[in-house]
$ cat run19.txt   # compact mmCIF, C-alpha atoms and all ligand atoms
# COMPACT_ATOMS: atom_id res chain seq x y z
CA MET A 1 148.30 -19.09 186.86
CA LYS A 2 149.13 -19.56 190.55
CA ILE A 3 149.48 -16.56 192.84
CA LEU A 4 150.89 -16.64 196.37
CA VAL A 5 149.12 -14.20 198.69
CA THR A 6 150.99 -13.60 201.94
CA GLY A 7 148.69 -12.33 204.70
CA GLY A 8 145.85 -13.70 202.59
CA LEU A 9 143.55 -14.24 205.60
CA GLY A 10 143.83 -10.59 206.64
CA TYR A 11 141.49 -7.74 205.83
CA ILE A 12 142.81 -6.62 202.43
CA GLY A 13 144.40 -9.99 201.69
CA SER A 14 141.15 -11.95 201.99
CA HIS A 15 139.28 -9.56 199.70
CA THR A 16 142.13 -9.84 197.19
CA VAL A 17 142.04 -13.66 197.31
CA VAL A 18 138.31 -13.54 196.50
CA GLU A 19 138.91 -11.29 193.49
CA LEU A 20 141.88 -13.40 192.32
CA GLN A 21 139.82 -16.60 192.42
CA SER A 22 136.94 -14.85 190.66
CA ALA A 23 139.42 -13.79 187.95
CA GLY A 24 140.44 -17.43 187.44
CA PHE A 25 143.73 -17.51 189.32
CA ASP A 26 144.79 -20.42 191.54
CA VAL A 27 145.63 -19.02 194.97
CA VAL A 28 147.85 -20.21 197.78
CA ILE A 29 147.92 -18.30 201.07
CA ILE A 30 150.60 -17.99 203.72
CA ASP A 31 149.28 -16.48 206.93
CA ASN A 32 150.51 -17.00 210.53
CA LEU A 33 147.20 -15.76 212.00
CA SER A 34 148.98 -13.03 213.97
CA ASN A 35 146.32 -10.54 212.87
CA SER A 36 143.65 -12.76 211.28
CA LYS A 37 141.47 -15.79 212.01
CA ILE A 38 141.43 -19.23 210.38
CA GLU A 39 137.63 -18.89 209.92
CA VAL A 40 138.35 -16.44 207.10
CA LEU A 41 139.58 -19.39 204.95
CA ASP A 42 136.11 -20.94 205.06
CA LYS A 43 134.45 -17.58 204.41
CA ILE A 44 136.56 -17.11 201.27
CA THR A 45 135.60 -20.63 200.17
CA GLN A 46 131.94 -19.86 200.88
CA ILE A 47 132.09 -16.76 198.64
CA THR A 48 133.95 -18.27 195.68
CA GLY A 49 133.30 -22.00 196.05
CA ILE A 50 137.04 -22.59 195.75
CA LYS A 51 139.22 -23.37 198.77
CA PRO A 52 142.61 -21.64 198.47
CA GLY A 53 145.79 -23.50 199.41
CA TYR A 54 146.87 -22.47 202.91
CA PHE A 55 150.12 -22.64 204.87
CA ASN A 56 150.56 -21.38 208.41
CA PHE A 57 154.09 -20.26 209.21
CA ASP A 58 156.00 -17.07 210.00
CA LEU A 59 157.59 -15.52 206.92
CA SER A 60 160.35 -14.04 209.04
CA ASN A 61 161.48 -17.64 209.65
CA LYS A 62 164.08 -18.15 206.90
CA THR A 63 164.08 -21.95 207.08
CA ALA A 64 160.30 -22.22 206.93
CA CYS A 65 160.29 -19.89 203.94
CA GLU A 66 162.92 -21.91 202.08
CA GLU A 67 161.02 -25.12 202.73
CA PHE A 68 157.78 -23.65 201.41
CA PHE A 69 159.31 -22.37 198.19
CA SER A 70 161.21 -25.60 197.59
CA ASN A 71 157.94 -27.52 197.77
CA ASN A 72 155.79 -24.95 195.93
CA ASN A 73 157.81 -23.72 192.99
CA ASN A 74 155.07 -23.34 190.39
CA ILE A 75 154.19 -19.84 191.56
CA ASP A 76 153.72 -17.18 188.84
CA GLY A 77 153.50 -14.14 191.12
CA ILE A 78 153.35 -13.00 194.72
CA ILE A 79 151.13 -10.40 196.36
CA HIS A 80 152.77 -9.53 199.67
CA PHE A 81 150.47 -8.21 202.42
CA ALA A 82 151.90 -9.99 205.48
CA ALA A 83 153.18 -7.30 207.87
CA TYR A 84 152.42 -5.77 211.23
CA LYS A 85 150.46 -2.56 210.64
CA ALA A 86 149.42 -0.94 213.91
CA VAL A 87 150.91 2.55 213.90
CA GLY A 88 150.72 3.05 217.68
CA GLU A 89 152.12 -0.41 218.51
CA SER A 90 155.05 0.19 216.15
CA VAL A 91 156.10 3.23 218.20
CA ASN A 92 156.33 1.05 221.33
CA LYS A 93 157.86 -2.00 219.63
CA PRO A 94 160.04 -0.71 216.75
CA LEU A 95 162.42 -3.70 216.62
CA MET A 96 159.51 -6.14 216.37
CA TYR A 97 158.19 -4.14 213.42
CA TYR A 98 161.53 -3.75 211.60
CA ARG A 99 162.41 -7.42 212.13
CA ASN A 100 159.03 -8.83 211.12
CA ASN A 101 158.15 -6.55 208.24
CA LEU A 102 161.58 -6.38 206.62
CA GLU A 103 162.87 -9.92 207.28
CA SER A 104 159.64 -11.36 205.87
CA LEU A 105 160.04 -9.30 202.71
CA MET A 106 163.72 -10.22 202.31
CA ASN A 107 163.06 -13.92 202.84
CA ILE A 108 160.40 -13.81 200.14
CA MET A 109 162.67 -11.95 197.71
CA ASP A 110 165.59 -14.29 198.37
CA ASN A 111 163.37 -17.22 197.41
CA MET A 112 162.00 -15.40 194.38
CA ASN A 113 165.53 -15.12 193.06
CA ILE A 114 166.34 -18.77 193.87
CA HIS A 115 163.15 -20.12 192.30
CA ASN A 116 162.91 -17.64 189.39
CA ILE A 117 159.63 -16.09 190.52
CA ALA A 118 159.76 -12.73 188.81
CA ASN A 119 156.55 -10.93 189.80
CA LEU A 120 155.90 -9.11 193.07
CA VAL A 121 153.02 -6.81 194.02
CA PHE A 122 153.78 -5.02 197.28
CA SER A 123 151.32 -3.56 199.77
CA SER A 124 152.62 -0.04 200.37
CA SER A 125 150.90 2.96 201.91
CA CYS A 126 150.25 6.68 201.44
CA THR A 127 151.90 6.99 204.84
CA VAL A 128 155.21 7.29 202.95
CA TYR A 129 154.11 10.77 201.84
CA GLY A 130 153.61 12.05 205.39
CA GLN A 131 151.78 15.39 205.08
CA PRO A 132 152.16 16.15 201.36
CA ASP A 133 153.06 19.74 200.39
CA VAL A 134 150.74 19.58 197.38
CA LEU A 135 147.30 17.94 197.17
CA PRO A 136 146.14 15.76 195.55
CA VAL A 137 149.38 13.83 196.04
CA THR A 138 151.03 12.15 193.03
CA GLU A 139 153.49 9.23 192.95
CA GLN A 140 156.24 11.77 192.21
CA ALA A 141 155.71 13.56 195.52
CA PRO A 142 158.71 13.29 197.82
CA ARG A 143 158.47 10.64 200.53
CA LYS A 144 158.76 12.18 203.96
CA GLN A 145 160.06 11.22 207.34
CA ALA A 146 157.72 8.48 208.49
CA GLU A 147 155.40 9.30 211.39
CA SER A 148 156.04 5.86 212.88
CA PRO A 149 158.29 2.78 212.63
CA TYR A 150 155.36 1.13 210.83
CA GLY A 151 155.43 3.85 208.17
CA ASN A 152 159.21 3.60 208.00
CA THR A 153 159.03 -0.13 207.27
CA LYS A 154 156.89 0.71 204.23
CA LYS A 155 159.44 3.25 202.99
CA MET A 156 162.35 0.89 203.63
CA ALA A 157 160.53 -1.99 201.96
CA GLU A 158 160.02 0.14 198.84
CA ASP A 159 163.76 0.88 198.80
CA ILE A 160 164.67 -2.80 199.32
CA ILE A 161 162.41 -3.76 196.42
CA GLN A 162 163.75 -1.01 194.15
CA ASP A 163 167.36 -2.00 194.84
CA THR A 164 166.66 -5.72 194.38
CA VAL A 165 164.79 -5.11 191.12
CA TYR A 166 167.82 -3.18 189.89
CA SER A 167 170.17 -6.08 190.62
CA SER A 168 168.05 -9.05 189.58
CA ASP A 169 165.37 -10.26 187.17
CA LEU A 170 162.65 -9.35 189.67
CA LYS A 171 159.78 -7.10 188.49
CA ALA A 172 157.65 -5.29 191.07
CA ILE A 173 154.67 -3.01 191.52
CA ALA A 174 154.12 -1.11 194.77
CA LEU A 175 150.54 -0.07 195.44
CA ARG A 176 150.34 2.87 197.83
CA TYR A 177 146.98 2.46 199.58
CA PHE A 178 145.09 5.33 201.06
CA ASN A 179 142.53 4.41 203.74
CA PRO A 180 140.95 1.00 203.11
CA VAL A 181 137.45 0.68 204.61
CA GLY A 182 134.23 -1.29 204.13
CA ALA A 183 133.58 -4.98 203.55
CA HIS A 184 132.64 -7.55 200.92
CA PRO A 185 128.94 -7.25 199.87
CA THR A 186 128.25 -10.72 201.29
CA ALA A 187 129.37 -9.43 204.73
CA LEU A 188 131.21 -12.76 205.12
CA ILE A 189 134.60 -11.02 205.18
CA GLY A 190 135.56 -7.55 206.40
CA GLU A 191 137.79 -5.70 208.85
CA LEU A 192 137.89 -8.15 211.76
CA PRO A 193 138.08 -6.46 215.15
CA LEU A 194 141.06 -7.76 217.09
CA GLY A 195 141.20 -5.62 220.23
CA VAL A 196 140.34 -1.92 220.45
CA PRO A 197 140.29 -0.52 216.88
CA ASN A 198 142.88 2.11 215.98
CA ASN A 199 141.14 2.93 212.71
CA LEU A 200 138.11 5.17 212.31
CA MET A 201 135.63 2.92 210.51
CA PRO A 202 135.69 -0.07 212.86
CA PHE A 203 135.46 2.32 215.82
CA ILE A 204 132.36 3.90 214.25
CA THR A 205 130.67 0.55 213.61
CA GLN A 206 131.55 -0.80 217.06
CA THR A 207 130.19 2.36 218.69
CA ALA A 208 126.94 2.03 216.74
CA ALA A 209 126.81 -1.65 217.73
CA GLY A 210 127.16 -0.72 221.41
CA ILE A 211 130.55 -2.42 221.76
CA ARG A 212 132.27 0.95 222.30
CA GLU A 213 130.75 3.67 224.44
CA GLN A 214 131.51 6.66 222.23
CA LEU A 215 133.64 7.65 219.24
CA SER A 216 136.33 10.22 220.00
CA VAL A 217 136.91 12.52 217.04
CA PHE A 218 140.60 13.40 217.18
CA GLY A 219 140.77 17.14 216.64
CA GLU A 220 138.49 19.82 215.24
CA ASP A 221 141.12 22.54 214.76
CA TYR A 222 142.62 21.41 211.44
CA ASP A 223 142.67 23.74 208.44
CA THR A 224 139.71 21.99 206.80
CA ALA A 225 136.09 22.99 206.12
CA ASP A 226 134.75 21.42 209.32
CA GLY A 227 138.04 21.37 211.24
CA THR A 228 138.41 17.58 211.26
CA ALA A 229 141.15 15.74 209.40
CA ILE A 230 140.69 14.57 205.82
CA ARG A 231 141.59 11.17 204.34
CA ASP A 232 141.05 9.39 201.00
CA TYR A 233 138.87 6.45 202.06
CA ILE A 234 138.70 3.63 199.52
CA HIS A 235 136.38 0.60 199.50
CA VAL A 236 138.39 -2.57 200.18
CA VAL A 237 136.82 -4.31 197.15
CA ASP A 238 137.99 -1.50 194.84
CA LEU A 239 141.41 -1.82 196.44
CA ALA A 240 141.43 -5.61 196.00
CA LYS A 241 140.60 -5.25 192.30
CA ALA A 242 143.64 -3.02 191.80
CA HIS A 243 145.83 -5.95 192.90
CA ILE A 244 144.38 -8.24 190.24
CA ILE A 245 145.16 -5.69 187.54
CA ALA A 246 148.66 -5.14 188.94
CA VAL A 247 149.58 -8.84 189.14
CA LYS A 248 148.18 -9.46 185.62
CA ARG A 249 150.26 -6.53 184.34
CA LEU A 250 153.40 -8.24 185.62
CA VAL A 251 152.51 -11.81 184.67
CA GLU A 252 151.59 -10.68 181.15
CA LYS A 253 154.75 -8.52 181.01
CA ASN A 254 152.86 -5.30 180.28
CA ASN A 255 154.79 -3.33 182.88
CA LYS A 256 156.68 -0.36 181.41
CA LEU A 257 159.38 -0.31 184.10
CA ASP A 258 160.87 -3.06 186.25
CA TYR A 259 159.56 -1.24 189.36
CA GLU A 260 156.34 0.78 189.20
CA ILE A 261 154.44 2.66 191.91
CA PHE A 262 150.72 3.50 191.86
CA ASN A 263 148.49 5.52 194.21
CA ILE A 264 145.40 3.46 194.97
CA GLY A 265 142.80 5.87 196.32
CA THR A 266 139.56 7.41 195.08
CA GLY A 267 140.95 10.91 194.55
CA ASN A 268 138.30 12.26 196.96
CA GLY A 269 139.02 13.37 200.51
CA TYR A 270 136.47 13.09 203.31
CA SER A 271 136.73 14.57 206.80
CA VAL A 272 136.07 12.54 209.92
CA LEU A 273 132.73 14.29 210.43
CA GLU A 274 131.76 13.68 206.79
CA VAL A 275 132.39 9.95 207.33
CA VAL A 276 130.29 10.07 210.50
CA LYS A 277 127.48 11.85 208.62
CA SER A 278 127.64 9.26 205.83
CA PHE A 279 127.34 6.48 208.42
CA GLU A 280 124.37 8.21 210.10
CA ARG A 281 122.71 8.71 206.71
CA VAL A 282 123.02 5.12 205.51
CA THR A 283 122.13 3.56 208.86
CA ASN A 284 119.51 6.15 209.80
CA THR A 285 121.02 6.34 213.30
CA LYS A 286 122.71 9.03 215.38
CA LEU A 287 126.27 8.17 216.27
CA ASN A 288 127.48 8.94 219.79
CA TYR A 289 130.72 10.91 219.40
CA LYS A 290 132.66 13.68 221.05
CA ILE A 291 135.38 15.99 219.81
CA VAL A 292 138.68 15.54 221.68
CA GLY A 293 142.27 16.66 221.08
CA ARG A 294 144.36 15.69 218.08
CA ARG A 295 145.96 12.22 217.98
CA GLU A 296 149.77 12.23 218.09
CA GLY A 297 151.30 11.58 214.66
CA ASP A 298 148.15 12.30 212.63
CA ILE A 299 148.55 14.33 209.46
CA GLU A 300 146.00 17.00 208.59
CA LYS A 301 144.81 16.06 205.13
CA VAL A 302 145.68 13.75 202.28
CA TRP A 303 143.96 12.50 199.15
CA ALA A 304 145.33 10.86 196.04
CA ASN A 305 145.97 11.99 192.51
CA THR A 306 144.88 8.74 190.83
CA ASP A 307 145.54 9.74 187.20
CA PHE A 308 148.45 7.31 186.81
CA ALA A 309 146.52 4.30 188.18
CA ASN A 310 143.44 5.30 186.17
CA ASN A 311 145.26 5.83 182.86
CA GLU A 312 148.17 3.40 183.08
CA LEU A 313 146.59 0.53 185.03
CA GLY A 314 143.11 1.11 183.64
CA TRP A 315 141.81 0.90 187.20
CA LYS A 316 139.41 3.34 188.92
CA ALA A 317 137.65 3.17 192.27
CA GLU A 318 133.89 2.78 191.77
CA LYS A 319 132.31 2.71 195.24
CA ASP A 320 131.40 5.91 197.07
CA ILE A 321 131.58 6.78 200.76
CA ASP A 322 128.00 5.68 201.44
CA GLU A 323 128.72 2.21 200.01
CA MET A 324 131.82 2.10 202.22
CA THR A 325 129.95 2.94 205.42
CA ALA A 326 126.94 0.77 204.52
CA SER A 327 129.11 -2.31 203.82
CA ALA A 328 131.11 -1.75 207.02
CA TRP A 329 127.87 -1.62 209.01
CA LYS A 330 126.45 -4.72 207.27
CA PHE A 331 129.63 -6.62 208.22
CA GLN A 332 129.45 -5.40 211.81
CA LEU A 333 125.86 -6.63 212.06
CA ALA A 334 126.83 -10.01 210.63
CA LEU A 335 129.52 -10.54 213.27
CA LYS A 336 128.38 -12.88 216.06
C1 LIG A 401 141.57 8.19 210.00
C2 LIG A 401 141.10 9.53 210.56
C3 LIG A 401 142.04 10.05 212.72
C4 LIG A 401 140.08 6.85 214.93
C5 LIG A 401 146.32 4.60 209.28
C6 LIG A 401 147.72 4.27 208.90
C7 LIG A 401 147.77 3.99 207.41
C8 LIG A 401 146.80 2.88 207.11
C9 LIG A 401 145.39 3.30 207.50
C10 LIG A 401 147.79 0.69 207.26
C11 LIG A 401 142.23 10.32 211.23
C12 LIG A 401 140.53 9.88 212.79
C13 LIG A 401 140.51 7.69 213.90
C14 LIG A 401 139.24 7.36 215.95
C15 LIG A 401 139.29 9.51 214.87
N1 LIG A 401 147.15 1.71 207.82
N2 LIG A 401 140.11 9.00 213.89
N3 LIG A 401 138.87 8.70 215.89
O1 LIG A 401 145.61 7.19 210.69
O2 LIG A 401 144.68 7.90 208.42
O3 LIG A 401 145.92 5.77 208.61
O4 LIG A 401 145.44 3.57 208.93
O5 LIG A 401 148.24 0.63 206.14
O6 LIG A 401 149.07 3.60 207.07
O7 LIG A 401 148.52 5.39 209.15
O8 LIG A 401 143.67 5.95 209.63
O9 LIG A 401 141.47 5.23 210.47
O10 LIG A 401 143.36 5.58 212.14
O11 LIG A 401 142.30 7.55 211.05
O12 LIG A 401 138.93 10.71 214.84
O13 LIG A 401 138.81 6.66 216.91
O14 LIG A 401 140.14 9.29 211.58
O15 LIG A 401 142.47 11.12 213.52
O16 LIG A 401 142.01 11.71 210.99
P1 LIG A 401 145.00 6.82 209.39
P2 LIG A 401 142.68 6.00 210.88
$ encode --input "run19.txt" --output "structure tokens" --more "lines below"
Ligand code: WQD
Amino acid sequence: MKILVTGGLGYIGSHTVVELQSAGFDVVIIDNLSNSKIEVLDKITQITGIKPGYFNFDLSNKTACEEFFSNNNNIDGIIHFAAYKAVGESVNKPLMYYRNNLESLMNIMDNMNIHNIANLVFSSSCTVYGQPDVLPVTEQAPRKQAESPYGNTKKMAEDIIQDTVYSSDLKAIALRYFNPVGAHPTALIGELPLGVPNNLMPFITQTAAGIREQLSVFGEDYDTADGTAIRDYIHVVDLAKAHIIAVKRLVEKNNKLDYEIFNIGTGNGYSVLEVVKSFERVTNTKLNYKIVGRREGDIEKVWANTDFANNELGWKAEKDIDEMTASAWKFQLALK
């Protein structure tokens, strides 16, 4: 079975390629290196001993897409990660985000219909829930007004997929990620720092590594036990494994509906300070941080109801917060 992984040299994509190869799938990657590095291809090969196929072009380029699919039509399924994902940047450059994230998806789906590729796993996000009214949040919770153009592209992509599934032979699974963190146990792949990190975990590890002066904790006046915001952090390897199960479900035609949605989280929420304490515990260091004001657009608290993924997919997150922080730190130390 051959699986196309778009964005396969990125953070979640690379971990998913490793798990796919370990599960016996042939893998071909499309990645334009806009948020990844070519060195990741060799790291994947080092981990699995198998070099994935690799093509470097922009999926929002219709002609390039058509050429690829015309020359590579023995694809059994697609896992689509390739998208811009910086929340703050999307607020300043909305058109760039709508064009890239949605045109890429539509070019892929056009070619799926032309070349009879039926199976699509889509990288969605808990961001579509906004601040849920009820926690833990289930897949039936209403999607809310996105906090950013980035979040809106995820909502719109889900709608594009649902409508296309309805009108074609396409089958799709959307995985709504919570907060992916951590790195592969080999520390050969992980969350590569490209510029100043927006996300919490890389900022923590870079502060501990002396690259950043101090971590700013955004807000201590939330309605939570310690006042800092809560998220459902999930180890990137657990997240990657969910994609293998999802793509197998489609390829083996075990899906119950033509379009299915699953929350991929741990079901546990941790506050910012609890993540910091976990990091300090596993690294036996004191982290330099200060409490500052809330960050614009942040929600207060979210964690997943994972019953559907656990029972229907037969998937459950296994790694705890200390394994997440320890693997993130091991990767940071391994970086040159
Ligand atoms: C986590 C918590 C911050 C940095 C975003 C996207 C989501 C997904 C994951 C792509 C929050 C706090 C952070 C810092 C801090 N991205 N924080 N100091 O915002 O929950 O989710 O990334 O799919 O779609 O929305 O993740 O890691 O930025 O923040 O205090 O320097 O850490 O306020 O409470 P977020 P995050």
$ residues_near_ligand --input "run19.txt" --ligand "ligand LIG 401 (chain A)" --cutoff "6 Å" --atoms "all atoms listed in the file" --output "MDAnalysis selection string"
chainID A and resid 85 125 127 179 198:200 203 215:218 229 272 295 298
$ residues_around --input "run19.txt" --residues "A:Ile117" --least-positions-apart "4" --cutoff "7 Å" --atoms "all atoms listed in the file" --output "JSON, numbers by chain"
{"A": [75, 76, 77, 112, 113]}
$ write_last_selection --input "run19.txt" --atoms "C-alpha atoms" --output "PDB file, keeping the file's coordinate frame"
ATOM      1  CA  ILE A  75     154.190 -19.840 191.560  1.00  0.00           C
ATOM      2  CA  ASP A  76     153.720 -17.180 188.840  1.00  0.00           C
ATOM      3  CA  GLY A  77     153.500 -14.140 191.120  1.00  0.00           C
ATOM      4  CA  MET A 112     162.000 -15.400 194.380  1.00  0.00           C
ATOM      5  CA  ASN A 113     165.530 -15.120 193.060  1.00  0.00           C
TER       6      ASN A 113
END
$ residues_near_point --input "run19.txt" --point "(160.4, -8.0, 186.2)" --cutoff "12 Å" --atoms "only C-alpha atoms" --output "mmCIF file with C-alpha atoms, in the coordinates of the input"
data_model
loop_
_atom_site.group_PDB
_atom_site.id
_atom_site.type_symbol
_atom_site.label_atom_id
_atom_site.label_comp_id
_atom_site.auth_asym_id
_atom_site.auth_seq_id
_atom_site.Cartn_x
_atom_site.Cartn_y
_atom_site.Cartn_z
ATOM 1 C CA ASP A 76 153.720 -17.180 188.840
ATOM 2 C CA GLY A 77 153.500 -14.140 191.120
ATOM 3 C CA MET A 112 162.000 -15.400 194.380
ATOM 4 C CA ASN A 113 165.530 -15.120 193.060
ATOM 5 C CA ASN A 116 162.910 -17.640 189.390
ATOM 6 C CA ILE A 117 159.630 -16.090 190.520
ATOM 7 C CA ALA A 118 159.760 -12.730 188.810
ATOM 8 C CA ASN A 119 156.550 -10.930 189.800
ATOM 9 C CA LEU A 120 155.900 -9.110 193.070
ATOM 10 C CA VAL A 121 153.020 -6.810 194.020
ATOM 11 C CA ILE A 161 162.410 -3.760 196.420
ATOM 12 C CA GLN A 162 163.750 -1.010 194.150
ATOM 13 C CA THR A 164 166.660 -5.720 194.380
ATOM 14 C CA VAL A 165 164.790 -5.110 191.120
ATOM 15 C CA TYR A 166 167.820 -3.180 189.890
ATOM 16 C CA SER A 167 170.170 -6.080 190.620
ATOM 17 C CA SER A 168 168.050 -9.050 189.580
ATOM 18 C CA ASP A 169 165.370 -10.260 187.170
ATOM 19 C CA LEU A 170 162.650 -9.350 189.670
ATOM 20 C CA LYS A 171 159.780 -7.100 188.490
ATOM 21 C CA ALA A 172 157.650 -5.290 191.070
ATOM 22 C CA ILE A 173 154.670 -3.010 191.520
ATOM 23 C CA VAL A 247 149.580 -8.840 189.140
ATOM 24 C CA ARG A 249 150.260 -6.530 184.340
ATOM 25 C CA LEU A 250 153.400 -8.240 185.620
ATOM 26 C CA VAL A 251 152.510 -11.810 184.670
ATOM 27 C CA GLU A 252 151.590 -10.680 181.150
ATOM 28 C CA LYS A 253 154.750 -8.520 181.010
ATOM 29 C CA ASN A 254 152.860 -5.300 180.280
ATOM 30 C CA ASN A 255 154.790 -3.330 182.880
ATOM 31 C CA LYS A 256 156.680 -0.360 181.410
ATOM 32 C CA LEU A 257 159.380 -0.310 184.100
ATOM 33 C CA ASP A 258 160.870 -3.060 186.250
ATOM 34 C CA TYR A 259 159.560 -1.240 189.360
ATOM 35 C CA GLU A 260 156.340 0.780 189.200
#
$ atom_distance --input "run19.txt" --atom1 "atom CA of A:Ser278" --atom2 "atom CA of A:Ala183"
15.6 Å
$ closest_atom_pairs --input "run19.txt" --of "stretch 175-204 of chain A" --to "stretch 325-332 of chain A" --cutoff "9 Å" --atoms "only C-alpha atoms" --output "JSON lines"
{"residue": "A:Val181", "atom": "CA", "partner": "A:Ala328", "partner_atom": "CA", "distance": 7.2}
{"residue": "A:Gly182", "atom": "CA", "partner": "A:Ala328", "partner_atom": "CA", "distance": 4.3}
{"residue": "A:Ala183", "atom": "CA", "partner": "A:Ser327", "partner_atom": "CA", "distance": 5.2}
{"residue": "A:His184", "atom": "CA", "partner": "A:Ser327", "partner_atom": "CA", "distance": 7.0}
{"residue": "A:Pro185", "atom": "CA", "partner": "A:Ser327", "partner_atom": "CA", "distance": 6.3}
{"residue": "A:Thr186", "atom": "CA", "partner": "A:Phe331", "partner_atom": "CA", "distance": 8.2}
{"residue": "A:Ala187", "atom": "CA", "partner": "A:Phe331", "partner_atom": "CA", "distance": 4.5}
{"residue": "A:Leu188", "atom": "CA", "partner": "A:Phe331", "partner_atom": "CA", "distance": 7.1}
{"residue": "A:Ile189", "atom": "CA", "partner": "A:Phe331", "partner_atom": "CA", "distance": 7.3}
{"residue": "A:Gly190", "atom": "CA", "partner": "A:Phe331", "partner_atom": "CA", "distance": 6.3}
{"residue": "A:Glu191", "atom": "CA", "partner": "A:Ala328", "partner_atom": "CA", "distance": 8.0}
{"residue": "A:Leu192", "atom": "CA", "partner": "A:Gln332", "partner_atom": "CA", "distance": 8.9}
{"residue": "A:Met201", "atom": "CA", "partner": "A:Ala328", "partner_atom": "CA", "distance": 7.4}
{"residue": "A:Pro202", "atom": "CA", "partner": "A:Ala328", "partner_atom": "CA", "distance": 7.6}
{"residue": "A:Ile204", "atom": "CA", "partner": "A:Trp329", "partner_atom": "CA", "distance": 8.8}
$ closest_residue --input "run19.txt" --among "A:Gly227, A:Gly314, A:Gly7, A:Gly210" --to "A:Leu333" --atoms "only C-alpha atoms"
A:Gly210
$ closest_residue --input "run19.txt" --among "A:Ser124, A:Asn107, A:Ser14, A:Asn311" --to "A:Phe178" --atoms "all atoms listed in the file"
A:Ser124
$ closest_residue --input "run19.txt" --among "A:Tyr150, A:Tyr222, A:Tyr289, A:Tyr11" --to "A:Lys93" --atoms "only C-alpha atoms"
A:Tyr150
$ atom_distance --input "run19.txt" --atom1 "atom CA of A:Leu4" --atom2 "atom CA of A:Lys248"
13.2 Å
$ residues_near_point --input "run19.txt" --point "(138.4, -1.5, 198.0)" --cutoff "8 Å" --atoms "all atoms listed in the file" --output "VMD selection string"
chain A and resid 180 to 182 234 to 241 317 319
$ residues_around --input "run19.txt" --residues "stretch 262-265 of chain A" --least-positions-apart "2" --cutoff "8 Å" --atoms "all atoms listed in the file" --output "JSON, numbers by chain"
{"A": [126, 138, 139, 173, 174, 175, 176, 177, 178, 179, 232, 233, 234, 239, 242, 260, 267, 268, 303, 304, 305, 306, 308, 309, 317]}
$ write_last_selection --input "run19.txt" --atoms "C-alpha atoms" --output "compact mmCIF listing (two decimals), keeping the file's coordinate frame"
# COMPACT_ATOMS: atom_id res chain seq x y z
CA CYS A 126 150.25 6.68 201.44
CA THR A 138 151.03 12.15 193.03
CA GLU A 139 153.49 9.23 192.95
CA ILE A 173 154.67 -3.01 191.52
CA ALA A 174 154.12 -1.11 194.77
CA LEU A 175 150.54 -0.07 195.44
CA ARG A 176 150.34 2.87 197.83
CA TYR A 177 146.98 2.46 199.58
CA PHE A 178 145.09 5.33 201.06
CA ASN A 179 142.53 4.41 203.74
CA ASP A 232 141.05 9.39 201.00
CA TYR A 233 138.87 6.45 202.06
CA ILE A 234 138.70 3.63 199.52
CA LEU A 239 141.41 -1.82 196.44
CA ALA A 242 143.64 -3.02 191.80
CA GLU A 260 156.34 0.78 189.20
CA GLY A 267 140.95 10.91 194.55
CA ASN A 268 138.30 12.26 196.96
CA TRP A 303 143.96 12.50 199.15
CA ALA A 304 145.33 10.86 196.04
CA ASN A 305 145.97 11.99 192.51
CA THR A 306 144.88 8.74 190.83
CA PHE A 308 148.45 7.31 186.81
CA ALA A 309 146.52 4.30 188.18
CA ALA A 317 137.65 3.17 192.27
$ closest_residue --input "run19.txt" --among "A:Ile12, A:Ile78, A:Ile321, A:Leu20" --to "A:Ile245" --atoms "only C-alpha atoms"
A:Leu20
$ atom_distance --input "run19.txt" --atom1 "atom CA of A:Ala225" --atom2 "atom CA of A:Ala86"
28.5 Å
$ residues_around --input "run19.txt" --residues "A:Arg143" --least-positions-apart "5" --cutoff "8 Å" --atoms "only C-alpha atoms" --output "JSON, numbers by chain"
{"A": [128, 129, 130, 155]}
$ write_last_selection --input "run19.txt" --atoms "C-alpha atoms" --output "PDB file, in the coordinates of the input"
ATOM      1  CA  VAL A 128     155.210   7.290 202.950  1.00  0.00           C
ATOM      2  CA  TYR A 129     154.110  10.770 201.840  1.00  0.00           C
ATOM      3  CA  GLY A 130     153.610  12.050 205.390  1.00  0.00           C
ATOM      4  CA  LYS A 155     159.440   3.250 202.990  1.00  0.00           C
TER       5      LYS A 155
END
$ closest_residue --input "run19.txt" --among "A:Val196, A:Ala82, A:His243, A:Lys301" --to "A:Glu19" --atoms "only C-alpha atoms"
A:His243
$ closest_residue --input "run19.txt" --among "A:Val5, A:Ile160, A:Val292, A:Ile38" --to "A:Ile79" --atoms "all atoms listed in the file"
A:Val5
$ axis_aligned_box --input "run19.txt" --around "stretch 29-32 of chain A" --padding-each-side "4 Å" --output "lines of an AutoDock Vina configuration file"
center_x = 149.3
center_y = -17.4
center_z = 205.8
size_x = 10.7
size_y = 9.8
size_z = 17.5
